[in-house]
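Source file: model06.pdb (PDB, C-alpha atoms and all ligand atoms)
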```pdb
ATOM      1  CA  MET A   1      -1.365   4.443  81.091
ATOM      2  CA  ASN A   2      -4.666   6.310  80.887
ATOM      3  CA  PHE A   3      -6.709   8.670  78.757
ATOM      4  CA  ASN A   4      -4.504  11.610  79.729
ATOM      5  CA  LEU A   5      -3.370  13.364  76.529
ATOM      6  CA  GLU A   6      -1.261  16.020  78.251
ATOM      7  CA  ASN A   7       1.629  17.277  76.056
ATOM      8  CA  ARG A   8      -0.009  15.869  72.915
ATOM      9  CA  VAL A   9      -1.174  18.010  70.033
ATOM     10  CA  ALA A  10      -4.388  16.829  68.362
ATOM     11  CA  LEU A  11      -5.917  18.147  65.146
ATOM     12  CA  VAL A  12      -9.608  17.325  64.645
ATOM     13  CA  THR A  13     -11.089  18.020  61.218
ATOM     14  CA  GLY A  14     -14.824  18.657  61.284
ATOM     15  CA  GLY A  15     -14.246  19.861  64.857
ATOM     16  CA  SER A  16     -16.700  22.756  64.593
ATOM     17  CA  ARG A  17     -19.804  20.683  65.330
ATOM     18  CA  GLY A  18     -21.279  17.210  65.742
ATOM     19  CA  ILE A  19     -18.988  14.225  66.297
ATOM     20  CA  GLY A  20     -15.777  16.207  65.647
ATOM     21  CA  LYS A  21     -16.708  18.832  68.211
ATOM     22  CA  ALA A  22     -17.491  16.162  70.823
ATOM     23  CA  ILE A  23     -14.114  14.497  70.176
ATOM     24  CA  ALA A  24     -12.282  17.854  70.362
ATOM     25  CA  LEU A  25     -14.005  18.640  73.693
ATOM     26  CA  ALA A  26     -13.182  15.179  75.081
ATOM     27  CA  PHE A  27      -9.521  15.661  74.079
ATOM     28  CA  SER A  28      -9.475  19.109  75.719
ATOM     29  CA  LYS A  29     -10.735  17.526  78.952
ATOM     30  CA  ALA A  30      -7.908  14.972  78.642
ATOM     31  CA  LYS A  31      -5.555  18.023  78.529
ATOM     32  CA  ALA A  32      -4.428  17.789  74.900
ATOM     33  CA  THR A  33      -3.615  20.878  72.861
ATOM     34  CA  VAL A  34      -6.404  20.933  70.273
ATOM     35  CA  GLY A  35      -6.799  22.328  66.756
ATOM     36  CA  ILE A  36     -10.128  22.190  64.945
ATOM     37  CA  VAL A  37     -10.789  22.536  61.211
ATOM     38  CA  GLY A  38     -13.910  23.438  59.230
ATOM     39  CA  ARG A  39     -15.272  26.016  56.796
ATOM     40  CA  ASP A  40     -17.783  27.862  58.988
ATOM     41  CA  ARG A  41     -15.817  30.538  60.914
ATOM     42  CA  LEU A  42     -18.645  31.303  63.353
ATOM     43  CA  ALA A  43     -19.156  27.671  64.329
ATOM     44  CA  LEU A  44     -15.373  27.238  64.732
ATOM     45  CA  GLN A  45     -15.146  30.310  66.993
ATOM     46  CA  GLN A  46     -18.052  29.088  69.150
ATOM     47  CA  THR A  47     -16.408  25.672  69.607
ATOM     48  CA  LEU A  48     -13.049  27.312  70.281
ATOM     49  CA  LYS A  49     -14.610  29.215  73.192
ATOM     50  CA  GLU A  50     -15.921  25.942  74.636
ATOM     51  CA  LEU A  51     -12.533  24.234  74.218
ATOM     52  CA  LYS A  52     -10.764  27.031  76.076
ATOM     53  CA  ARG A  53     -12.931  26.410  79.151
ATOM     54  CA  SER A  54     -10.603  23.441  79.791
ATOM     55  CA  HIS A  55      -7.669  25.926  80.015
ATOM     56  CA  ILE A  56      -5.800  24.305  77.152
ATOM     57  CA  HIS A  57      -4.144  25.793  74.061
ATOM     58  CA  ALA A  58      -6.685  25.573  71.243
ATOM     59  CA  GLU A  59      -6.780  27.046  67.739
ATOM     60  CA  ALA A  60      -9.269  26.991  64.870
ATOM     61  CA  PHE A  61      -8.358  26.714  61.193
ATOM     62  CA  VAL A  62     -10.575  27.486  58.219
ATOM     63  CA  ALA A  63     -10.073  25.178  55.249
ATOM     64  CA  ASP A  64     -12.125  23.474  52.581
ATOM     65  CA  LEU A  65     -10.742  19.950  52.822
ATOM     66  CA  LYS A  66     -11.917  19.091  49.310
ATOM     67  CA  LYS A  67      -8.956  21.127  48.071
ATOM     68  CA  LEU A  68      -5.362  19.947  48.392
ATOM     69  CA  ASP A  69      -3.877  23.472  48.427
ATOM     70  CA  GLU A  70      -6.153  24.419  51.363
ATOM     71  CA  ILE A  71      -5.179  21.226  53.219
ATOM     72  CA  GLU A  72      -1.473  21.932  52.741
ATOM     73  CA  SER A  73      -1.755  25.540  53.837
ATOM     74  CA  MET A  74      -3.932  24.546  56.865
ATOM     75  CA  VAL A  75      -1.371  21.904  57.906
ATOM     76  CA  ARG A  76       1.513  24.419  57.710
ATOM     77  CA  THR A  77      -0.430  26.985  59.774
ATOM     78  CA  ALA A  78      -1.528  24.368  62.312
ATOM     79  CA  GLN A  79       2.039  23.106  62.756
ATOM     80  CA  SER A  80       3.366  26.641  63.251
ATOM     81  CA  LYS A  81       0.621  27.575  65.768
ATOM     82  CA  LEU A  82       0.296  24.299  67.677
ATOM     83  CA  GLY A  83       3.626  22.543  67.125
ATOM     84  CA  SER A  84       4.047  19.063  65.637
ATOM     85  CA  ILE A  85       0.782  17.165  65.412
ATOM     86  CA  ASP A  86       0.762  13.948  67.462
ATOM     87  CA  ILE A  87      -2.847  12.941  66.783
ATOM     88  CA  LEU A  88      -4.896  13.542  63.642
ATOM     89  CA  VAL A  89      -8.612  12.787  63.797
ATOM     90  CA  ASN A  90     -10.155  12.855  60.323
ATOM     91  CA  VAL A  91     -13.827  13.546  61.063
ATOM     92  CA  ALA A  92     -14.971  16.025  58.392
ATOM     93  CA  GLY A  93     -17.478  14.420  56.088
ATOM     94  CA  ILE A  94     -20.735  14.925  54.237
ATOM     95  CA  ALA A  95     -23.565  12.708  53.035
ATOM     96  CA  VAL A  96     -25.547  13.069  49.835
ATOM     97  CA  LEU A  97     -28.259  10.451  49.550
ATOM     98  CA  GLU A  98     -29.289   9.671  45.970
ATOM     99  CA  PRO A  99     -30.291   6.436  44.219
ATOM    100  CA  ALA A 100     -27.457   4.926  42.157
ATOM    101  CA  GLU A 101     -29.255   5.470  38.830
ATOM    102  CA  SER A 102     -29.472   9.245  39.281
ATOM    103  CA  VAL A 103     -26.277  10.240  41.080
ATOM    104  CA  SER A 104     -24.951  13.499  39.634
ATOM    105  CA  GLU A 105     -21.292  14.137  38.895
ATOM    106  CA  ASP A 106     -21.457  17.073  41.305
ATOM    107  CA  SER A 107     -22.656  14.855  44.208
ATOM    108  CA  TRP A 108     -19.993  12.251  43.405
ATOM    109  CA  GLU A 109     -17.228  14.882  43.466
ATOM    110  CA  LYS A 110     -18.486  16.567  46.641
ATOM    111  CA  VAL A 111     -18.799  13.340  48.634
ATOM    112  CA  ILE A 112     -15.684  11.565  47.358
ATOM    113  CA  ASN A 113     -13.528  14.697  47.558
ATOM    114  CA  THR A 114     -14.643  15.591  51.084
ATOM    115  CA  ASN A 115     -14.782  12.121  52.620
ATOM    116  CA  LEU A 116     -12.014  10.266  50.813
ATOM    117  CA  LYS A 117      -9.649  12.789  49.191
ATOM    118  CA  GLY A 118      -9.874  15.123  52.217
ATOM    119  CA  GLN A 119      -9.122  12.396  54.765
ATOM    120  CA  PHE A 120      -6.369  10.884  52.617
ATOM    121  CA  PHE A 121      -4.473  14.122  52.015
ATOM    122  CA  CYS A 122      -4.775  15.262  55.645
ATOM    123  CA  ALA A 123      -3.247  11.904  56.646
ATOM    124  CA  SER A 124      -0.626  12.112  53.881
ATOM    125  CA  ARG A 125       0.570  15.645  54.641
ATOM    126  CA  ILE A 126       0.503  15.270  58.429
ATOM    127  CA  GLY A 127       1.835  11.708  58.174
ATOM    128  CA  SER A 128       4.996  12.931  56.407
ATOM    129  CA  GLU A 129       5.997  14.825  59.557
ATOM    130  CA  MET A 130       4.962  11.897  61.780
ATOM    131  CA  ILE A 131       7.328   9.736  59.698
ATOM    132  CA  ARG A 132      10.215  12.145  60.396
ATOM    133  CA  ARG A 133       9.360  12.117  64.128
ATOM    134  CA  LYS A 134       8.834   8.327  64.121
ATOM    135  CA  LYS A 135       5.550   8.579  66.024
ATOM    136  CA  GLY A 136       1.936   9.554  65.562
ATOM    137  CA  VAL A 137      -1.663   8.472  65.745
ATOM    138  CA  ILE A 138      -4.245   8.832  62.988
ATOM    139  CA  ILE A 139      -7.934   8.117  63.526
ATOM    140  CA  ASN A 140     -10.241   8.148  60.510
ATOM    141  CA  VAL A 141     -13.995   8.378  60.917
ATOM    142  CA  SER A 142     -15.807   6.046  58.537
ATOM    143  CA  SER A 143     -19.336   4.751  59.150
ATOM    144  CA  GLU A 144     -21.274   1.546  59.694
ATOM    145  CA  GLU A 145     -22.366   2.287  56.089
ATOM    146  CA  GLY A 146     -18.775   1.559  55.017
ATOM    147  CA  ILE A 147     -19.490  -2.040  56.099
ATOM    148  CA  VAL A 148     -23.218  -2.538  55.535
ATOM    149  CA  ALA A 149     -24.756  -1.637  52.162
ATOM    150  CA  VAL A 150     -27.617   0.842  52.453
ATOM    151  CA  PRO A 151     -29.793   1.363  49.365
ATOM    152  CA  GLY A 152     -29.936   4.964  48.159
ATOM    153  CA  HIS A 153     -26.664   5.828  49.927
ATOM    154  CA  VAL A 154     -24.289   4.471  47.275
ATOM    155  CA  VAL A 155     -21.692   7.247  47.005
ATOM    156  CA  TYR A 156     -21.571   7.775  50.771
ATOM    157  CA  CYS A 157     -21.175   3.992  51.307
ATOM    158  CA  ILE A 158     -18.355   3.842  48.710
ATOM    159  CA  SER A 159     -16.512   6.749  50.363
ATOM    160  CA  LYS A 160     -16.829   5.198  53.825
ATOM    161  CA  ALA A 161     -15.713   1.721  52.648
ATOM    162  CA  GLY A 162     -12.700   3.444  51.065
ATOM    163  CA  ILE A 163     -11.792   4.996  54.414
ATOM    164  CA  ILE A 164     -11.748   1.577  56.102
ATOM    165  CA  HIS A 165      -9.362   0.190  53.474
ATOM    166  CA  MET A 166      -7.248   3.374  53.451
ATOM    167  CA  THR A 167      -6.840   2.880  57.214
ATOM    168  CA  LYS A 168      -5.455  -0.624  56.662
ATOM    169  CA  VAL A 169      -3.055   0.423  53.900
ATOM    170  CA  LEU A 170      -1.666   3.357  55.908
ATOM    171  CA  ALA A 171      -1.332   1.159  59.013
ATOM    172  CA  VAL A 172       0.726  -1.371  57.054
ATOM    173  CA  GLU A 173       2.776   1.284  55.224
ATOM    174  CA  TRP A 174       3.582   3.403  58.291
ATOM    175  CA  GLY A 175       3.713   0.876  61.152
ATOM    176  CA  LYS A 176       7.505   0.717  60.810
ATOM    177  CA  TYR A 177       7.633   4.432  61.673
ATOM    178  CA  GLY A 178       5.720   3.942  64.927
ATOM    179  CA  ILE A 179       2.551   5.452  63.458
ATOM    180  CA  ARG A 180      -0.767   3.820  64.339
ATOM    181  CA  VAL A 181      -3.714   4.304  61.984
ATOM    182  CA  ASN A 182      -7.188   3.256  63.085
ATOM    183  CA  CYS A 183     -10.776   3.939  62.203
ATOM    184  CA  ILE A 184     -14.090   4.486  63.985
ATOM    185  CA  ALA A 185     -17.343   3.416  62.329
ATOM    186  CA  PRO A 186     -20.299   5.124  64.008
ATOM    187  CA  ALA A 187     -23.953   4.839  63.020
ATOM    188  CA  ALA A 188     -27.140   6.866  63.399
ATOM    189  CA  VAL A 189     -25.713   9.767  65.391
ATOM    190  CA  ASN A 190     -27.956  12.656  66.420
ATOM    191  CA  THR A 191     -26.203  15.460  64.489
ATOM    192  CA  GLN A 192     -26.892  18.078  61.848
ATOM    193  CA  MET A 193     -25.902  15.509  59.192
ATOM    194  CA  ASN A 194     -29.213  13.728  59.781
ATOM    195  CA  GLN A 195     -31.316  16.892  60.052
ATOM    196  CA  ASN A 196     -32.840  16.426  56.592
ATOM    197  CA  TYR A 197     -33.030  12.647  56.908
ATOM    198  CA  TRP A 198     -34.346  10.647  59.872
ATOM    199  CA  LEU A 199     -34.414  13.565  62.330
ATOM    200  CA  LYS A 200     -37.240  15.240  60.383
ATOM    201  CA  ASP A 201     -39.092  12.138  59.230
ATOM    202  CA  LYS A 202     -40.854   9.947  61.835
ATOM    203  CA  LYS A 203     -41.063   6.944  59.476
ATOM    204  CA  ALA A 204     -37.347   7.094  58.641
ATOM    205  CA  TYR A 205     -36.510   7.554  62.358
ATOM    206  CA  LYS A 206     -38.488   4.401  63.219
ATOM    207  CA  TRP A 207     -36.778   2.474  60.381
ATOM    208  CA  VAL A 208     -33.375   3.490  61.781
ATOM    209  CA  VAL A 209     -34.165   2.711  65.440
ATOM    210  CA  ASP A 210     -35.789  -0.634  64.546
ATOM    211  CA  ARG A 211     -32.422  -1.763  63.067
ATOM    212  CA  ILE A 212     -30.437  -0.918  66.223
ATOM    213  CA  ALA A 213     -30.000  -3.634  68.870
ATOM    214  CA  MET A 214     -29.615  -0.995  71.591
ATOM    215  CA  GLY A 215     -33.043   0.396  70.630
ATOM    216  CA  ARG A 216     -31.940   4.037  70.376
ATOM    217  CA  VAL A 217     -29.937   6.332  68.131
ATOM    218  CA  SER A 218     -26.441   7.460  69.103
ATOM    219  CA  GLU A 219     -25.515  10.729  70.774
ATOM    220  CA  VAL A 220     -22.129  12.292  69.935
ATOM    221  CA  GLU A 221     -20.833  11.402  73.407
ATOM    222  CA  ASP A 222     -21.237   7.695  72.527
ATOM    223  CA  ILE A 223     -18.374   8.095  70.041
ATOM    224  CA  THR A 224     -15.820   9.953  72.174
ATOM    225  CA  GLY A 225     -14.671   6.939  74.248
ATOM    226  CA  ALA A 226     -13.519   5.145  71.096
ATOM    227  CA  ALA A 227     -11.553   8.232  69.995
ATOM    228  CA  LEU A 228      -9.921   8.630  73.424
ATOM    229  CA  TYR A 229      -8.973   4.949  73.469
ATOM    230  CA  LEU A 230      -7.475   4.966  69.959
ATOM    231  CA  ALA A 231      -5.634   8.278  70.586
ATOM    232  CA  SER A 232      -4.096   7.178  73.875
ATOM    233  CA  ASP A 233      -1.347   4.730  74.787
ATOM    234  CA  LEU A 234      -4.037   2.290  75.961
ATOM    235  CA  SER A 235      -4.231   1.181  72.314
ATOM    236  CA  SER A 236      -0.439   1.140  71.801
ATOM    237  CA  PHE A 237      -0.477  -2.145  69.786
ATOM    238  CA  VAL A 238      -3.730  -1.549  67.904
ATOM    239  CA  THR A 239      -3.403  -0.507  64.269
ATOM    240  CA  GLY A 240      -5.346  -0.946  61.024
ATOM    241  CA  HIS A 241      -8.453  -1.614  63.098
ATOM    242  CA  THR A 242     -11.991  -0.349  62.601
ATOM    243  CA  LEU A 243     -13.795   0.090  65.897
ATOM    244  CA  VAL A 244     -17.503  -0.129  65.171
ATOM    245  CA  VAL A 245     -19.605   2.052  67.498
ATOM    246  CA  ASP A 246     -23.092   1.427  66.172
ATOM    247  CA  GLY A 247     -25.289   0.028  68.949
ATOM    248  CA  GLY A 248     -25.229  -3.316  67.120
ATOM    249  CA  ILE A 249     -26.743  -2.099  63.821
ATOM    250  CA  SER A 250     -24.110  -3.904  61.690
ATOM    251  CA  VAL A 251     -24.388  -7.119  63.729
ATOM    252  CA  GLY A 252     -27.952  -8.000  62.823
ATOM    253  CA  THR A 253     -31.518  -6.744  62.869
ATOM    254  CA  PRO A 254     -33.274  -7.287  66.197
ATOM    255  CA  ARG A 255     -36.496  -9.325  66.063
ATOM    256  CA  LYS A 256     -39.626  -7.319  66.915
ATOM    257  CA  GLU A 257     -41.931  -8.826  69.612
TER     258      GLU A 257
HETATM  259  N1  LIG B   1     -24.139  11.494  62.052
HETATM  260  C1  LIG B   1     -24.084  10.193  61.754
HETATM  261  O1  LIG B   1     -25.091   9.466  61.871
HETATM  262  C2  LIG B   1     -22.811   9.572  61.295
HETATM  263  C3  LIG B   1     -22.756   8.159  61.241
HETATM  264  C4  LIG B   1     -21.576   7.558  60.798
HETATM  265  C5  LIG B   1     -20.493   8.327  60.437
HETATM  266  N2  LIG B   1     -20.594   9.696  60.500
HETATM  267  C6  LIG B   1     -19.419  10.463  60.071
HETATM  268  O2  LIG B   1     -18.968  11.299  61.120
HETATM  269  C7  LIG B   1     -18.370  12.475  60.568
HETATM  270  C8  LIG B   1     -18.973  13.701  61.244
HETATM  271  O3  LIG B   1     -20.354  13.717  61.002
HETATM  272  P1  LIG B   1     -21.374  14.560  61.873
HETATM  273  O4  LIG B   1     -22.570  13.695  62.040
HETATM  274  O5  LIG B   1     -20.726  15.147  63.059
HETATM  275  O6  LIG B   1     -21.768  15.674  60.795
HETATM  276  P2  LIG B   1     -21.959  17.242  60.889
HETATM  277  O7  LIG B   1     -22.573  17.641  62.169
HETATM  278  O8  LIG B   1     -22.622  17.615  59.615
HETATM  279  O9  LIG B   1     -20.431  17.790  60.886
HETATM  280  C9  LIG B   1     -19.628  17.686  59.757
HETATM  281  C10 LIG B   1     -18.329  18.407  60.007
HETATM  282  O10 LIG B   1     -17.496  18.276  58.857
HETATM  283  C11 LIG B   1     -17.071  19.565  58.435
HETATM  284  N3  LIG B   1     -16.913  19.590  56.983
HETATM  285  C12 LIG B   1     -17.768  19.139  56.035
HETATM  286  N4  LIG B   1     -17.282  19.369  54.804
HETATM  287  C13 LIG B   1     -16.095  19.988  54.972
HETATM  288  C14 LIG B   1     -15.104  20.498  54.079
HETATM  289  N5  LIG B   1     -15.243  20.427  52.743
HETATM  290  N6  LIG B   1     -14.006  21.075  54.606
HETATM  291  C15 LIG B   1     -13.853  21.171  55.944
HETATM  292  N7  LIG B   1     -14.723  20.704  56.834
HETATM  293  C16 LIG B   1     -15.842  20.132  56.349
HETATM  294  C17 LIG B   1     -18.204  20.495  58.902
HETATM  295  O11 LIG B   1     -17.748  21.822  59.045
HETATM  296  P3  LIG B   1     -18.133  22.995  57.994
HETATM  297  O12 LIG B   1     -19.511  22.757  57.529
HETATM  298  O13 LIG B   1     -17.932  24.247  58.767
HETATM  299  O14 LIG B   1     -17.127  22.884  56.905
HETATM  300  C18 LIG B   1     -18.521  19.886  60.263
HETATM  301  O15 LIG B   1     -17.604  20.323  61.222
HETATM  302  C19 LIG B   1     -18.592  12.408  59.059
HETATM  303  O16 LIG B   1     -17.434  11.920  58.427
HETATM  304  C20 LIG B   1     -19.734  11.418  58.922
HETATM  305  O17 LIG B   1     -19.716  10.761  57.672
HETATM  306  C21 LIG B   1     -21.709  10.331  60.931
END
```
Go ahead and render the structure in this file as structure tokens.
Ligand SMILES: NC(=O)c1ccc[n+]([C@@H]2O[C@H](COP(=O)([O-])OP(=O)(O)OC[C@H]3O[C@@H](n4cnc5c(N)ncnc54)[C@H](OP(=O)(O)O)[C@@H]3O)[C@@H](O)[C@H]2O)c1
Amino acid sequence: MNFNLENRVALVTGGSRGIGKAIALAFSKAKATVGIVGRDRLALQQTLKELKRSHIHAEAFVADLKKLDEIESMVRTAQSKLGSIDILVNVAGIAVLEPAESVSEDSWEKVINTNLKGQFFCASRIGSEMIRRKKGVIINVSSEEGIVAVPGHVVYCISKAGIIHMTKVLAVEWGKYGIRVNCIAPAAVNTQMNQNYWLKDKKAYKWVVDRIAMGRVSEVEDITGAALYLASDLSSFVTGHTLVVDGGISVGTPRKE
């Protein structure tokens, strides 16, 4: 058993950039067939080019995962172009950071529909075929903020906590079909998501780093090992689990000298 994903078909939502792109590239190096999903055609095409350098079959699919009809049509197209999906990695997500007392309905709908509804219906519609085939792996990307409460991040925290519990329910509901459902909870990753947050604000950056035992923020490559492990047969008896990849941020705040 190893990280070789040859003859497996993986679909990575949010695969156009950031964490999803890094996971898609890691899977391509492990020889999986890879599909990526996002809304930005140009970014998808650029990533597709990079995936094909590993000489694997790769395809890109445009879909707004807030919308069930777009999810269902994307899943049908992906299955016809790639074949049955063995591994779904639910990465697509957004963050809107607003204090609880002034959250708008629009922010609530955007965050909950992308992070929670999008992940759930991708799992549901791809899971139905996994049930027929009696095998499959689903990996949901939550966040350390689904475990630790962060002030000003209420809707994002709620959506990410929901993903952790959704992972457990699906694991229990679908274990009898040979489907494993797990979750990764990253923290403080150097991606576009943080461009308008701690990446542009020295004070916020220091606040983030000061909370991390490892003393640095995460790069996308820090997350790919967890995804490879959970996708491969090395984790054949692991299900319903949330693998926290956060440099220790959820464990405790390091004492400053
Ligand atoms: N960065 C962090 O510090 C961090 C920490 C913990 C957890 N996470 C989680 O990791 C995941 C990836 O984050 P990231 O940092 O890589 O962010 P990112 O660079 O902003 O990438 C987000 C990805 O999600 C896709 N996406 C967003 N909304 C979508 C929609 N409605 N339909 C389809 N695709 C959509 C984006 O593609 P398009 O824009 O083209 O649609 C993009 O590919 C998210 O779930 C995030 O919550 C991130």
(message) I'd like to see the residues matched by the PyMOL selection byres (((not hetatm)) within 8 of (chain B and resi 1)) on this file, and ideally I'd get them as a ChimeraX atom specification.
(response) /A:13-21,37-41,43-44,62-67,90-95,110,113-115,118,141-145,156,160,185-194,218,220
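The list of residues with at least one atom within 10 Å of A:Met166, based on all atoms listed in the file and without residues fewer than 2 positions apart in the same chain, reads Leu116, Gln119, Phe120, Ala123, Asn140, Lys160, Ala161, Gly162, Ile163, Ile164, Lys168, Val169, Leu170, Ala171, Val172, Val181, Asn182, Cys183 and Gly240 of chain A.
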(request) To one decimal in Å, tell me the separation between atom CA of A:Ser250 and atom CA of A:Ala226. (result) 16.8 Å
(message) Under the rule that all atoms listed in the file are counted, which of A:Ala78, A:Ala10, A:Ile23, A:Ala32 is the nearest residue to A:Ile223?
(response)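 Using all atoms listed in the file, the shortest distance to A:Ile223 belongs to A:Ile23.
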(request) For atom CA of A:Phe61 and atom CA of A:Gly35, determine how far apart the two atoms are, in Å to one decimal place. (result)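 A separation of 7.3 Å between them.
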(request) Check which residues satisfy the PyMOL selection byres (((chain A and resi 26) around 12) and not hetatm) in the file shown, then give them as a VMD selection string. (result) chain A and resid 3 to 5 10 12 15 19 to 25 27 to 34 50 to 51 53 to 54 56 220 to 229 231
(message) Under the PyMOL selection byres (((chain A and resi 99-104) around 7) and not hetatm), which residues of this model are included? Write them out as number ranges by chain.
(response) A: 97-98, 105-108, 152-154
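Of the listed residues (A:Lys49, A:His57, A:Arg180, A:Arg216), A:Arg180 comes nearest to A:Thr239; the distances count only C-alpha atoms.
Between atom CA of A:Ala213 and atom CA of A:Val89 lies a distance of 27.4 Å.
Using only C-alpha atoms, the shortest contact distance between A:Gly178 and any of A:Lys200, A:Lys135, A:Arg211, A:His241 is found at A:Lys135.
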As JSON, please report the centre and edge lengths, rounded to one decimal in Å, of the axis-aligned box that holds all listed atoms of stretch 120-131 of chain A with 4 Å of padding on each of the six sides.
```
{"center_x": 0.5, "center_y": 12.7, "center_z": 56.9, "size_x": 21.7, "size_y": 13.9, "size_z": 17.8}
```
(request) Using all atoms listed in the file, pick whichever of A:Leu243, A:Ile126, A:Cys157, A:Met214 has the shortest atom-to-atom distance to A:Glu72. (result) A:Ile126
